[in-house]
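A.B. asks: Structure incoming, see below.
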Protein chains: 2
Amino acid sequence: MQALYVADGRLSYRQGYPKPEPGPGEALVRVRLAGICATDLEIVKGYGGFKGVLGHEFVGQVEAATEEPSWVGKRVVGTINLGCWQCRVCLGEGPEHCPQRTVLGIIQKDGIFADYVTLPLVNLRPVPDEVPDEEAVFTEPLAAALRIREQLVVPPTARVAVVGPGRLGMLIGQVLALAGTRVTMLGRLPASLALPAQLGLETGLAGDMADDSFDFVVEATGNEAGLAHSLRLVRPLGTLVMKSTFAGAATMDLSKLVVGEITVVGSRCGPFEPALRLLAQGKIAVRRMIEAEYPLAEGTAALTHAARPGVRKVLLRP
Amino acid sequence: MQALYVADGRLSYRQGYPKPEPGPGEALVRVRLAGICATDLEIVKGYGGFKGVLGHEFVGQVEAATEEPSWVGKRVVGTINLGCWQCRVCLGEGPEHCPQRTVLGIIQKDGIFADYVTLPLVNLRPVPDEVPDEEAVFTEPLAAALRIREQLVVPPTARVAVVGPGRLGMLIGQVLALAGTRVTMLGRLPASLALPAQLGLETGLAGDMADDSFDFVVEATGNEAGLAHSLRLVRPLGTLVMKSTFAGAATMDLSKLVVGEITVVGSRCGPFEPALRLLAQGKIAVRRMIEAEYPLAEGTAALTHAARPGVRKVLLRP
């Protein structure tokens with residue numbers, strides 16, 4: 001089959017890559033449509049030392065599921081953490097923090113920039129008929145945005161900012177605005193704020209905002225400058241949510257963190273079911289976030305495109 | 001009067017420093033005994049650009065309080081944040097985060113390494129008779145340790161570590177152990193662990209501990225190496241409490257913070273009343289934490305002593 005393979009920070013398109021064989025409890029899924037995310041771009045730069053097929057945002061169709069044949073033919077999305085389901089972490093909090101976990105296209109598990117992928121049935125979620133592929137492919141990042149609502153009470157009266165009006169930032173902004181909260185999307189350049197404004201979110205330039213202006217700030221840039229703004233903008237006793245993958249260490253103003261008694265919360269993968277419900281209800285605008293679609297064979301060009309500043313979601317179709 | 005004065009990172013002992021005049025709502029307090037804290041040492045190195053009389057940990061005696069003469073003669077400790085008591089922050093959360101606040105010996109308010117200090121009556125707390133000066137002088141740092149219990153639920157079953165078995169670290173360890181929690185004090189050198197062990201706390205070398213060993217880790221070293229250990233030792237979904245003043249920016253492994261969904265909580269000043277109750281009840285061993293006492297005239301030597309590694313509480317007596 002065809003696949004986009006990454007090793008030692010080098011991405012290559014391969015034909016004749018071995019089609020995966022489902023193990024016990026697993027399904028074989030044909031990938032229908034895939035999305036490129038900032039983590040994919042970090043991995044291509046060497047983050048995490050991953051070797052294998054890249055990609056983890058997808059919608060697919062089950063082709064084989066020996067143990068539960070009722071899955072065959074179903075359109076599905078898939079959660080990305082594969083736990084051991086034996087340890088206290090898996091049985092308690094779930095597989096997202098299992099020390100033995102593999103992660104689709106990120107840690108020791110071939111991802112979905114390919115014709116086929118295998119996944120445990122426990123990771124699959126059926127996609128409602130009313131959610132087309134072009135929207136279902138946003139389930140994973142939308143779930144990641146919803147993770148914030150699992151972790152924190154965000155009062156509808158809170159002053160909330162999202163620093164980084166990109167692909168993930170716009171999903172976060174929409175999710176946090178759902179309950180009537182006033183959410184301001186902050187960027188570096190006016191051009192980056194046009195789409196967030198069309199989506200009905202408030203917008204502003206990060207540099208124009210006064211210190212301590214927000215109760216909650218979500219860092220969604222993944223770079224040190226964005227982090228510095230985020231910490232500057234959160235008020236004493238406020239909360240800073242770290243939503244972007246940082247490829248290692250970064251510098252932070254710990255004096256403000258301590259003196260201002262800021263709470264910083266790391267935030268990663270979230271729940272798929274409410275994400276699918278929101279897509280089915282049409283409550284999150286995702287189609288307008290699509291920048292381009294490439295065939296998988298042009299995957300390296302697609303990733304180059306996705307890495308350009310201000311670019312929205314780039315999709316890959318096997 | 002005599003005073004220890006700091007300006008531009010230089011500390012000097014002065015005689016003939018003007019005796020302060022209490023303003024409206026203020027008391028004149030004679031300082032009986034004072035403690036040197038890590039923040040004082042940072043200020044002498046230039047932290048925060050403070051100019052004035054240094055020092056904020058003290059026990060004293062009220063000499064004048066025109067508006068409420070019943071205070072005169074009382075032995076008191078004093079909270080260190082002087083708010084405007086007009087703004088929403090003061091009226092809601094208290095003066096600790098008032099944007100207009102001054103802070104005793106730290107921000108635009110002469111501190112207590114002197115014969116006399118003035119403080120608003122609202123900042124004073126009477127010291128119970130059964131708490132001698134040598135224990136009452138620990139009220140402010142003990143309150144800071146208790147702040148963690150205001151901010152976080154620390155379940156008695158949690159695995160808790162305090163990185164940095166110094167002056168503040170030992171108070172934090174004792175406070176967190178009060179409810180039956182198992183608390184491990186972690187240091188770099190075996191010598192630093194002798195006193196914590198005598199105080200009944202578990203001890204260990206930070207470098208010997210496996211990654212992700214603790215549910216809660218309190219960073220009490222104020223240096224980057226201690227911070228790196230703290231973040232390494234906290235488990236995914238765990239909490240890292242930042243309890244030390246960092247003089248500016250420091251580098252942190254943000255990848256672990258995000259992927260492990262760690263919560264980082266800055267923590268500063270705490271409640272005096274429960275601190276005084278604990279001291280009156282004899283529940284916190286503080287006397288054994290006293291390293292030395294100097295007359296105020298030898299203040300610069302006292303601060304040099306307090307800055308040596310592994311040194312416990314150094315006191316100053318005017």
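Each chain in the structure tokens gets a letter, A, B, ..., in the order shown, and its residues are numbered from 1; ligands are numbered from 1 in order too.
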At a cut-off of 9 Å, using only C-alpha atoms, what residues contact Thr102 of chain B? Leave out same-chain residues fewer than 5 positions from it and give the result as number ranges by chain.
C.D. replies: B: 80-84, 107-109
A.B. asks: What are the residues of chain A that have an atom within 10 Å of an atom of chain B, counting only C-alpha atoms, as a ChimeraX atom specification?
C.D. replies: /A:47-48,89,93,96-99,151,212,222,235-237,239-269
A.B. asks: Got a sec: who's within 7 Å of Val162 of chain B, counting only C-alpha atoms, leaving out chain neighbours fewer than 3 positions off, as a list in words?
C.D. replies: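 Residues meeting the cut-off are Gly169, Gly173, Thr184, Met185, Leu186, Val217, Val218, Glu219 and Ala220 of chain B.
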A.B. asks: So that I have them on file, write out the residues from the current selection with C-alpha atoms, as a compact mmCIF listing (two decimals), in the first residue's frame.
C.D. replies:
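Resulting contents of selection.txt:
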```txt
# COMPACT_ATOMS: atom_id res chain seq x y z
CA GLY B 169 10.71 23.05 52.54
CA GLY B 173 6.71 18.98 54.54
CA THR B 184 9.11 12.56 51.25
CA MET B 185 11.68 15.34 51.58
CA LEU B 186 14.14 15.20 48.68
CA VAL B 217 5.63 17.57 44.06
CA VAL B 218 6.43 20.86 45.78
CA GLU B 219 9.37 22.76 44.27
CA ALA B 220 11.13 24.53 47.15
```
A.B. asks: Determine which residues of segment 199-287 of chain A receive a DSSP assignment of strand (DSSP E), computed from the backbone, and state them as a list of chain:residue names.
C.D. replies: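 Selection result, strand (DSSP E) within segment 199-287 of chain A: A:Glu202, A:Thr203, A:Gly204, A:Leu205, A:Phe214, A:Asp215, A:Phe216, A:Val217, A:Val218, A:Glu219, A:Val234, A:Arg235, A:Pro236, A:Leu237, A:Gly238, A:Thr239, A:Leu240, A:Val241, A:Met242, A:Ala249, A:Ala250, A:Thr251, A:Met252, A:Asp253, A:Thr263, A:Val264, A:Val265, A:Gly266.
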A.B. asks: Might you pull out every residue within 12 Å of Leu4 of chain B, with only C-alpha atoms counted and same-chain residues fewer than 2 positions away left off, and present them as a ChimeraX atom specification?
C.D. replies: /B:1-2,6-7,10-17,34,36,40,44,51-56,105,110-116,295-303,316-318
A.B. asks: Which distance in Å separates atom CA of Gly204 of chain B and atom CA of Thr139 of chain B, to one decimal?
C.D. replies: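 Here the two named atoms are 27.2 Å from each other.
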